[in-house]
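**Q** Sharing a structure below in structure tokens format, with a few things to ask.
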Amino acid sequence: MSAIIILNYKTYNESTGENAVKLAKICESVAKSSGVKIAVAPQIADLYRVATAVEIPVFSQNLDVVGPGSFTGHVYSKSLCDANAAGTLLNHSEKRMTLADIEKAVRYARKCSLLSVVCTNSIKTSAAASLFDPDFVAVEPPELIGTGIPVSKANPEIVSDTVEAVKNINKDVKVLCGAGISKGEDLKAALELGAEGVLLASGIIKAKDPKAALEDLVSMI
Ligand code: G3P
């Protein structure tokens with residue numbers, strides 16, 4: 001089974017600054033040895049240094065709907081392209097956007113060849129997001145985020161029903177799931193439910209041995 005794994009660095013100390021690069025190198029080495037696609041999403045300030053240190057795809061955690069000009073503190077799409085980002089997360093549950101901004105952000109991303117991953121919290125919001133034609137929809141029940149309780153086991157219906165709802169609207173959109181994913185069996189269960197990969201964070205970043213945790217994650221596919 002082929003799958004994509006996106007490691008969202010969030011703002012953990014273990015994935016900030018120089019640690020962002022170290023973790024990306026671990027991801028790159030596991031991606032090479034396993035043949036599984038692994039991408040990382042560091043903080044904006046770390047994106048360029050990570051993207052210049054590894055060859056795996058590097059995503060932004062966010063993109064703001066702004067053009068060039070007077071927009072202090074915003075994340076401008078062109079700055080992500082110039083930093084060699086491959087894509088961006090949008091509407092993460094820790095960084096929600098309005099529906100109107102999600103639609104625009106997907107367009108802004110595509111305009112400069114950035115892949116877009118729209119995060120959602122339910123089957124209905126996943127269906128709505130798929131109308132905007134992003135590259136990925138990633139369904140993540142917020143109540144399971146950071147708990148270590150995998151969505152693919154605790155709430156398998158949200159994954160399979162999201163896949164069905166999204167594919168009914170737009171077959172080109174790939175569906176990921178996330179929240180509480182950390183082990184090989186969690187990823188395997190997600191793929192069996194029809195997801196094409198996972199978005200995850202704490203299970204790897206907070207692990208005593210992130211490399212061993214990543215190796216376990218890809219061990220059953
Ligand atoms: O974006 C990934 C996410 O929110 C899930 O977090 O820590 O439950 O893997 P975590």
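Ordered as shown in the structure tokens, chains take letters A, B, and onward, while each chain numbers its residues from 1 and ligands are numbered from 1 in the order shown.
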With only C-alpha atoms as the counted atoms, please give the residues lying no more than 6 Å from Ile6 of chain A, apart from itself and same-chain residues fewer than 5 positions off, as a list in words.

**A**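 Counting only the stated atoms, we get Ile38, Ala39, Val40 and Leu199 of chain A.
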
**Q** Output the selection as an mmCIF file, in the first residue's frame - C-alpha atoms for each residue.

**A**
data_model
loop_
_atom_site.group_PDB
_atom_site.id
_atom_site.type_symbol
_atom_site.label_atom_id
_atom_site.label_comp_id
_atom_site.auth_asym_id
_atom_site.auth_seq_id
_atom_site.Cartn_x
_atom_site.Cartn_y
_atom_site.Cartn_z
ATOM 1 C CA ILE A 38 7.020 11.384 4.499
ATOM 2 C CA ALA A 39 6.634 15.164 4.559
ATOM 3 C CA VAL A 40 7.230 17.578 7.427
ATOM 4 C CA LEU A 199 -1.323 13.754 9.488
#

**Q** Would you mind listing what lies within 7 Å of segment 205-213 of chain A as a PDB file with all heavy atoms, in the first residue's frame, with only C-alpha atoms counted and same-chain residues fewer than 4 positions away left out?

**A**
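Just written: part17.pdb:
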ATOM      1  N   GLU A  14      10.710  20.085  20.793  1.00  0.00           N
ATOM      2  CA  GLU A  14      11.446  18.974  20.147  1.00  0.00           C
ATOM      3  C   GLU A  14      11.479  19.113  18.623  1.00  0.00           C
ATOM      4  O   GLU A  14      12.194  18.380  17.953  1.00  0.00           O
ATOM      5  CB  GLU A  14      10.777  17.631  20.502  1.00  0.00           C
ATOM      6  CG  GLU A  14      10.892  17.235  21.962  1.00  0.00           C
ATOM      7  CD  GLU A  14       9.818  17.847  22.860  1.00  0.00           C
ATOM      8  OE1 GLU A  14       9.107  18.789  22.409  1.00  0.00           O
ATOM      9  OE2 GLU A  14       9.698  17.396  24.003  1.00  0.00           O
ATOM     10  N   SER A  15      10.672  20.045  18.083  1.00  0.00           N
ATOM     11  CA  SER A  15      10.647  20.212  16.622  1.00  0.00           C
ATOM     12  C   SER A  15      10.853  21.678  16.231  1.00  0.00           C
ATOM     13  O   SER A  15      10.429  22.116  15.177  1.00  0.00           O
ATOM     14  CB  SER A  15       9.306  19.693  16.069  1.00  0.00           C
ATOM     15  OG  SER A  15       8.219  20.284  16.752  1.00  0.00           O
ATOM     16  N   ILE A  26      15.712  12.673  10.204  1.00  0.00           N
ATOM     17  CA  ILE A  26      15.214  11.347  10.624  1.00  0.00           C
ATOM     18  C   ILE A  26      14.093  10.913   9.676  1.00  0.00           C
ATOM     19  O   ILE A  26      14.060   9.783   9.183  1.00  0.00           O
ATOM     20  CB  ILE A  26      14.705  11.399  12.087  1.00  0.00           C
ATOM     21  CG1 ILE A  26      15.887  11.575  13.040  1.00  0.00           C
ATOM     22  CG2 ILE A  26      13.897  10.157  12.435  1.00  0.00           C
ATOM     23  CD1 ILE A  26      15.499  11.800  14.489  1.00  0.00           C
ATOM     24  N   ALA A 201       1.428  14.220  14.825  1.00  0.00           N
ATOM     25  CA  ALA A 201       2.384  15.095  15.509  1.00  0.00           C
ATOM     26  C   ALA A 201       2.967  14.425  16.750  1.00  0.00           C
ATOM     27  O   ALA A 201       4.041  13.837  16.712  1.00  0.00           O
ATOM     28  CB  ALA A 201       1.711  16.417  15.863  1.00  0.00           C
ATOM     29  N   LEU A 217       5.775   3.197  12.785  1.00  0.00           N
ATOM     30  CA  LEU A 217       4.623   3.730  12.047  1.00  0.00           C
ATOM     31  C   LEU A 217       4.522   3.145  10.635  1.00  0.00           C
ATOM     32  O   LEU A 217       3.430   2.847  10.155  1.00  0.00           O
ATOM     33  CB  LEU A 217       4.727   5.262  11.972  1.00  0.00           C
ATOM     34  CG  LEU A 217       3.574   5.998  11.298  1.00  0.00           C
ATOM     35  CD1 LEU A 217       2.315   5.920  12.181  1.00  0.00           C
ATOM     36  CD2 LEU A 217       3.926   7.461  11.041  1.00  0.00           C
TER      37      LEU A 217
END

**Q** Could you pull out the strand (DSSP E) residues of segment 33-186 of chain A, going by DSSP on the backbone, and write them as a PyMOL selection string?

**A** chain A and resi 37-41+59-60+87-90+115-120+136-139+174-178

**Q** Create the file for the chosen residues now, containing C-alpha atoms and written as a short mmCIF file (atom, residue, chain, number, x, y, z; two decimals), in the first residue's frame.

**A**
data_model
loop_
_atom_site.label_atom_id
_atom_site.label_comp_id
_atom_site.auth_asym_id
_atom_site.auth_seq_id
_atom_site.Cartn_x
_atom_site.Cartn_y
_atom_site.Cartn_z
CA LYS A 37 6.41 9.23 1.43
CA ILE A 38 7.02 11.38 4.50
CA ALA A 39 6.63 15.16 4.56
CA VAL A 40 7.23 17.58 7.43
CA ALA A 41 5.47 20.80 8.41
CA PHE A 59 4.95 22.04 4.16
CA SER A 60 3.95 25.25 5.88
CA GLY A 87 2.69 22.78 0.19
CA THR A 88 0.73 24.07 3.12
CA LEU A 89 -1.73 22.96 5.76
CA LEU A 90 -4.86 25.08 5.91
CA LEU A 115 -0.05 21.56 -2.52
CA SER A 116 -2.94 22.31 -0.19
CA VAL A 117 -4.06 20.15 2.76
CA VAL A 118 -7.35 21.41 4.18
CA CYS A 119 -7.91 20.14 7.72
CA THR A 120 -11.49 19.46 8.78
CA PHE A 136 -5.88 16.82 0.27
CA VAL A 137 -8.58 16.93 2.92
CA ALA A 138 -7.35 15.80 6.36
CA VAL A 139 -10.10 14.93 8.80
CA LYS A 174 -6.98 12.65 -1.48
CA VAL A 175 -8.21 12.02 2.05
CA LEU A 176 -5.92 11.88 5.07
CA CYS A 177 -6.90 11.42 8.69
CA GLY A 178 -5.23 12.48 11.89
#

**Q** Can you tell me which residues surround Pro142 of chain A at a distance of at most 9 Å, considering only C-alpha atoms, apart from same-chain residues fewer than 6 positions away, and format the answer as a ChimeraX atom specification?

**A** /A:93-94,121,179

**Q** Restricted to all heavy atoms, what would the selected residues look like written as a CSV table (one decimal), in the first residue's frame?

**A**
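out-v3.csv, freshly written:
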chain,number,residue,atom,x,y,z
A,93,SER,N,-7.1,22.7,13.2
A,93,SER,CA,-8.0,23.0,14.3
A,93,SER,C,-7.4,23.9,15.3
A,93,SER,O,-8.1,24.5,16.1
A,93,SER,CB,-8.5,21.7,15.0
A,93,SER,OG,-7.5,21.2,15.8
A,94,GLU,N,-6.1,24.0,15.2
A,94,GLU,CA,-5.4,25.0,16.1
A,94,GLU,C,-5.2,26.3,15.4
A,94,GLU,O,-4.5,27.2,15.9
A,94,GLU,CB,-4.1,24.4,16.6
A,94,GLU,CG,-4.3,23.2,17.5
A,94,GLU,CD,-3.3,22.1,17.4
A,94,GLU,OE1,-2.2,22.3,16.8
A,94,GLU,OE2,-3.6,21.0,17.9
A,121,ASN,N,-13.0,18.9,10.6
A,121,ASN,CA,-13.3,18.2,11.9
A,121,ASN,C,-14.5,17.3,11.8
A,121,ASN,O,-14.9,16.7,12.8
A,121,ASN,CB,-13.6,19.3,12.9
A,121,ASN,CG,-14.8,20.1,12.6
A,121,ASN,OD1,-15.1,20.3,11.4
A,121,ASN,ND2,-15.5,20.6,13.6
A,179,ALA,N,-5.1,12.6,14.3
A,179,ALA,CA,-5.4,12.7,15.7
A,179,ALA,C,-5.2,11.3,16.4
A,179,ALA,O,-5.8,10.3,16.0
A,179,ALA,CB,-6.9,13.1,15.9

**Q** For ligand 1, collect every residue having any atom at a distance of at most 7 Å from a ligand atom (counting only C-alpha atoms and all ligand atoms); output as an MDAnalysis selection string.

**A** chainID A and resid 8 92 140 144:148 178:182 199:203

**Q** Could you turn the residues from that selection into a file that holds all heavy atoms, as an mmCIF file, in the first residue's frame?

**A**
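Ended up saving to out_17.cif:
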data_model
loop_
_atom_site.group_PDB
_atom_site.id
_atom_site.type_symbol
_atom_site.label_atom_id
_atom_site.label_comp_id
_atom_site.auth_asym_id
_atom_site.auth_seq_id
_atom_site.Cartn_x
_atom_site.Cartn_y
_atom_site.Cartn_z
ATOM 1 N N ASN A 8 3.282 17.058 11.367
ATOM 2 C CA ASN A 8 3.031 18.457 11.724
ATOM 3 C C ASN A 8 3.848 18.794 12.976
ATOM 4 O O ASN A 8 3.597 18.252 14.049
ATOM 5 C CB ASN A 8 1.518 18.627 11.980
ATOM 6 C CG ASN A 8 1.152 20.027 12.414
ATOM 7 O OD1 ASN A 8 2.001 20.914 12.489
ATOM 8 N ND2 ASN A 8 -0.125 20.236 12.710
ATOM 9 N N HIS A 92 -6.088 24.210 10.099
ATOM 10 C CA HIS A 92 -5.865 23.246 11.184
ATOM 11 C C HIS A 92 -6.746 23.626 12.379
ATOM 12 O O HIS A 92 -7.043 24.805 12.580
ATOM 13 C CB HIS A 92 -4.381 23.231 11.582
ATOM 14 C CG HIS A 92 -4.064 22.072 12.480
ATOM 15 N ND1 HIS A 92 -4.285 22.111 13.833
ATOM 16 C CD2 HIS A 92 -3.583 20.838 12.197
ATOM 17 C CE1 HIS A 92 -3.950 20.934 14.351
ATOM 18 N NE2 HIS A 92 -3.514 20.140 13.380
ATOM 19 N N GLU A 140 -9.691 15.459 11.130
ATOM 20 C CA GLU A 140 -9.100 15.279 12.460
ATOM 21 C C GLU A 140 -10.111 15.684 13.533
ATOM 22 O O GLU A 140 -10.345 16.881 13.719
ATOM 23 C CB GLU A 140 -7.883 16.202 12.642
ATOM 24 C CG GLU A 140 -6.762 16.009 11.677
ATOM 25 C CD GLU A 140 -5.468 16.680 12.156
ATOM 26 O OE1 GLU A 140 -5.516 17.834 12.634
ATOM 27 O OE2 GLU A 140 -4.435 16.032 12.073
ATOM 28 N N LEU A 144 -9.654 14.239 19.803
ATOM 29 C CA LEU A 144 -8.669 13.146 19.874
ATOM 30 C C LEU A 144 -7.233 13.623 19.657
ATOM 31 O O LEU A 144 -6.284 12.879 19.857
ATOM 32 C CB LEU A 144 -9.006 12.063 18.830
ATOM 33 C CG LEU A 144 -10.309 11.292 19.038
ATOM 34 C CD1 LEU A 144 -10.553 10.331 17.877
ATOM 35 C CD2 LEU A 144 -10.286 10.511 20.346
ATOM 36 N N ILE A 145 -7.095 14.891 19.260
ATOM 37 C CA ILE A 145 -5.752 15.407 18.969
ATOM 38 C C ILE A 145 -4.894 15.404 20.239
ATOM 39 O O ILE A 145 -5.330 15.866 21.291
ATOM 40 C CB ILE A 145 -5.829 16.832 18.356
ATOM 41 C CG1 ILE A 145 -6.420 16.748 16.946
ATOM 42 C CG2 ILE A 145 -4.452 17.501 18.330
ATOM 43 C CD1 ILE A 145 -6.605 18.087 16.256
ATOM 44 N N GLY A 146 -3.704 14.850 20.120
ATOM 45 C CA GLY A 146 -2.755 14.859 21.237
ATOM 46 C C GLY A 146 -3.072 13.866 22.341
ATOM 47 O O GLY A 146 -2.413 13.865 23.380
ATOM 48 N N THR A 147 -4.069 13.009 22.136
ATOM 49 C CA THR A 147 -4.476 12.081 23.201
ATOM 50 C C THR A 147 -3.776 10.726 23.106
ATOM 51 O O THR A 147 -3.772 9.970 24.069
ATOM 52 C CB THR A 147 -5.997 11.780 23.119
ATOM 53 O OG1 THR A 147 -6.252 11.169 21.830
ATOM 54 C CG2 THR A 147 -6.822 13.035 23.277
ATOM 55 N N GLY A 148 -3.233 10.411 21.936
ATOM 56 C CA GLY A 148 -2.678 9.066 21.747
ATOM 57 C C GLY A 148 -3.767 8.039 21.453
ATOM 58 O O GLY A 148 -3.486 6.865 21.277
ATOM 59 N N GLY A 178 -6.209 12.201 10.842
ATOM 60 C CA GLY A 178 -5.230 12.484 11.887
ATOM 61 C C GLY A 178 -5.902 12.576 13.233
ATOM 62 O O GLY A 178 -7.138 12.616 13.334
ATOM 63 N N ALA A 179 -5.091 12.596 14.269
ATOM 64 C CA ALA A 179 -5.449 12.685 15.688
ATOM 65 C C ALA A 179 -5.160 11.345 16.369
ATOM 66 O O ALA A 179 -5.775 10.325 16.040
ATOM 67 C CB ALA A 179 -6.906 13.092 15.924
ATOM 68 N N GLY A 180 -4.185 11.395 17.240
ATOM 69 C CA GLY A 180 -3.851 10.231 18.060
ATOM 70 C C GLY A 180 -3.123 9.112 17.342
ATOM 71 O O GLY A 180 -2.888 8.053 17.909
ATOM 72 N N ILE A 181 -2.743 9.340 16.081
ATOM 73 C CA ILE A 181 -2.045 8.297 15.318
ATOM 74 C C ILE A 181 -0.592 8.209 15.789
ATOM 75 O O ILE A 181 0.095 9.231 15.868
ATOM 76 C CB ILE A 181 -2.049 8.635 13.799
ATOM 77 C CG1 ILE A 181 -3.465 8.814 13.256
ATOM 78 C CG2 ILE A 181 -1.226 7.622 13.006
ATOM 79 C CD1 ILE A 181 -4.230 7.570 12.976
ATOM 80 N N SER A 182 -0.126 7.021 16.101
ATOM 81 C CA SER A 182 1.297 6.909 16.444
ATOM 82 C C SER A 182 1.916 5.585 16.030
ATOM 83 O O SER A 182 3.114 5.511 15.817
ATOM 84 C CB SER A 182 1.522 7.134 17.948
ATOM 85 O OG SER A 182 0.886 6.123 18.686
ATOM 86 N N LEU A 199 -1.938 12.522 8.995
ATOM 87 C CA LEU A 199 -1.323 13.754 9.488
ATOM 88 C C LEU A 199 -1.121 13.504 10.979
ATOM 89 O O LEU A 199 -2.089 13.109 11.657
ATOM 90 C CB LEU A 199 -2.312 14.893 9.231
ATOM 91 C CG LEU A 199 -1.967 16.318 9.601
ATOM 92 C CD1 LEU A 199 -0.691 16.781 8.904
ATOM 93 C CD2 LEU A 199 -3.119 17.238 9.189
ATOM 94 N N LEU A 200 0.080 13.652 11.487
ATOM 95 C CA LEU A 200 0.271 13.347 12.900
ATOM 96 C C LEU A 200 1.355 14.238 13.504
ATOM 97 O O LEU A 200 2.076 14.924 12.768
ATOM 98 C CB LEU A 200 0.600 11.873 13.110
ATOM 99 C CG LEU A 200 2.034 11.368 12.890
ATOM 100 C CD1 LEU A 200 2.162 9.960 13.413
ATOM 101 C CD2 LEU A 200 2.407 11.399 11.435
ATOM 102 N N ALA A 201 1.428 14.220 14.825
ATOM 103 C CA ALA A 201 2.384 15.095 15.509
ATOM 104 C C ALA A 201 2.967 14.425 16.750
ATOM 105 O O ALA A 201 4.041 13.837 16.712
ATOM 106 C CB ALA A 201 1.711 16.417 15.863
ATOM 107 N N SER A 202 2.248 14.482 17.877
ATOM 108 C CA SER A 202 2.841 14.148 19.177
ATOM 109 C C SER A 202 3.374 12.723 19.280
ATOM 110 O O SER A 202 4.371 12.485 19.964
ATOM 111 C CB SER A 202 1.825 14.414 20.298
ATOM 112 O OG SER A 202 0.621 13.723 20.043
ATOM 113 N N GLY A 203 2.739 11.781 18.626
ATOM 114 C CA GLY A 203 3.167 10.375 18.724
ATOM 115 C C GLY A 203 4.596 10.183 18.266
ATOM 116 O O GLY A 203 5.294 9.278 18.739
#

**Q** Taking into account only C-alpha atoms, which residue in the set A:Ile4, A:Leu191, A:Ala53, A:Ala100 is nearest to Lys22 of chain A?

**A**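 Closest candidate: A:Ala53.
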
**Q** Identify, on the basis of only C-alpha atoms, every residue whose closest approach to Lys25 of chain A does not exceed 10 Å; exclude the query and any residue fewer than 2 positions from it along the same chain; express the result as a list in words.

**A**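 Residues meeting the cut-off are Asn19, Ala20, Val21, Lys22, Leu23, Cys27, Glu28, Ser29, Val30, Ala31, Val50, Ala53, Val54, Glu55, Ile56 and Lys211 of chain A.
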
**Q** Take the selection from the previous step and output its residues with N, CA and C atoms, as a short mmCIF file (atom, residue, chain, number, x, y, z; two decimals), in the first residue's frame.

**A**
data_model
loop_
_atom_site.label_atom_id
_atom_site.label_comp_id
_atom_site.auth_asym_id
_atom_site.auth_seq_id
_atom_site.Cartn_x
_atom_site.Cartn_y
_atom_site.Cartn_z
N ASN A 19 16.30 21.52 16.17
CA ASN A 19 15.58 20.23 16.29
C ASN A 19 14.68 19.98 15.08
N ALA A 20 14.24 21.07 14.45
CA ALA A 20 13.38 20.92 13.26
C ALA A 20 14.16 20.22 12.15
N VAL A 21 15.42 20.60 12.01
CA VAL A 21 16.26 19.99 10.97
C VAL A 21 16.58 18.54 11.33
N LYS A 22 16.95 18.31 12.61
CA LYS A 22 17.29 16.94 13.04
C LYS A 22 16.13 15.99 12.76
N LEU A 23 14.93 16.44 13.12
CA LEU A 23 13.75 15.59 12.92
C LEU A 23 13.47 15.35 11.44
N CYS A 27 13.18 11.84 9.40
CA CYS A 27 12.06 11.52 8.49
C CYS A 27 12.60 11.13 7.12
N GLU A 28 13.60 11.87 6.66
CA GLU A 28 14.16 11.58 5.34
C GLU A 28 14.79 10.19 5.32
N SER A 29 15.49 9.85 6.40
CA SER A 29 16.15 8.54 6.39
C SER A 29 15.11 7.42 6.45
N VAL A 30 14.05 7.59 7.23
CA VAL A 30 13.01 6.54 7.28
C VAL A 30 12.25 6.49 5.95
N ALA A 31 12.04 7.64 5.33
CA ALA A 31 11.36 7.65 4.02
C ALA A 31 12.20 6.87 3.00
N VAL A 50 14.89 24.03 7.05
CA VAL A 50 14.56 22.61 6.88
C VAL A 50 14.56 22.26 5.39
N ALA A 53 17.88 21.65 4.00
CA ALA A 53 18.66 20.56 4.60
C ALA A 53 18.21 19.17 4.14
N VAL A 54 17.00 19.05 3.65
CA VAL A 54 16.48 17.73 3.26
C VAL A 54 15.81 17.79 1.89
N GLU A 55 15.60 16.59 1.33
CA GLU A 55 14.94 16.54 0.02
C GLU A 55 13.47 16.12 0.12
N ILE A 56 13.03 15.69 1.30
CA ILE A 56 11.62 15.33 1.44
C ILE A 56 10.76 16.60 1.39
N LYS A 211 12.94 8.21 15.83
CA LYS A 211 13.26 7.37 14.67
C LYS A 211 12.60 6.00 14.82
#

**Q** As a list in words, please: the residues near segment 160-167 of chain A (cut-off 8 Å, only C-alpha atoms, same-chain neighbours under 4 positions excluded).

**A** Ser122, Ile123, Lys124, Ser126, Ala127, Ser130, Val139, Pro156, Lys171, Asp172, Val173, Val175, Leu193, Gly194 and Ala195 of chain A

**Q** The selected residues should be written to file as a compact mmCIF listing (two decimals), in the first residue's frame (atoms: C-alpha atoms).

**A**
# COMPACT_ATOMS: atom_id res chain seq x y z
CA SER A 122 -16.27 16.30 10.50
CA ILE A 123 -17.73 14.54 7.49
CA LYS A 124 -19.74 17.62 6.51
CA SER A 126 -14.74 17.57 4.74
CA ALA A 127 -17.40 17.48 2.02
CA SER A 130 -13.61 19.12 -1.16
CA VAL A 139 -10.10 14.93 8.80
CA PRO A 156 -13.38 4.62 12.18
CA LYS A 171 -12.51 12.08 -6.86
CA ASP A 172 -9.23 13.95 -7.27
CA VAL A 173 -9.07 15.00 -3.62
CA VAL A 175 -8.21 12.02 2.05
CA LEU A 193 -10.68 2.67 5.94
CA GLY A 194 -9.82 4.30 2.63
CA ALA A 195 -7.56 7.13 3.78

**Q** In Å to one decimal, how far is atom CA of Ser77 of chain A from atom CA of Leu63 of chain A?

**A**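 Those two atoms sit 6.2 Å apart.
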
**Q** Using the chain letters and numbers from this document, which residues of segment 108-171 of chain A does DSSP assign to alpha helix (DSSP H), as an MDAnalysis selection string?

**A** chainID A and resid 108:111 123:130 151:154 156:169

**Q** Would you kindly return, as a VMD selection string, each protein, DNA or RNA residue with an atom no farther than 10 Å from any atom of Val65 of chain A, considering only C-alpha atoms and excluding same-chain residues fewer than 5 positions away?

**A** chain A and resid 71 74 to 77 97 100 to 109

**Q** Which is closer to Ala129 of chain A than all the others in A:Leu114, A:Ile158, A:Leu7, A:Leu99, using only C-alpha atoms?

**A** A:Leu99

**Q** In Å to one decimal, how far is atom CA of Thr16 of chain A from atom CA of Ser70 of chain A?

**A** 28.1 Å

**Q** Using only C-alpha atoms, which of the listed residues (A:Ile221, A:Val58, A:Leu214, A:Ala189) sits closest to Gln43 of chain A?

**A**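 Distance minimum relative to Gln43 of chain A lands on A:Val58.
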
**Q** In Å to one decimal, how far is atom CA of Thr11 of chain A from atom CA of Ala83 of chain A?

**A**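 Straight-line distance from atom CA of Ala83 of chain A to atom CA of Thr11 of chain A works out to 19.2 Å.
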
**Q** Go through A:Lys188, A:Arg49, A:Lys111, A:Arg96 one by one, measure the shortest atom-to-atom distance of each to Ala24 of chain A using only C-alpha atoms, and give the residue with the smallest value.

**A**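 Selected residue with least distance to Ala24 of chain A: A:Arg49.
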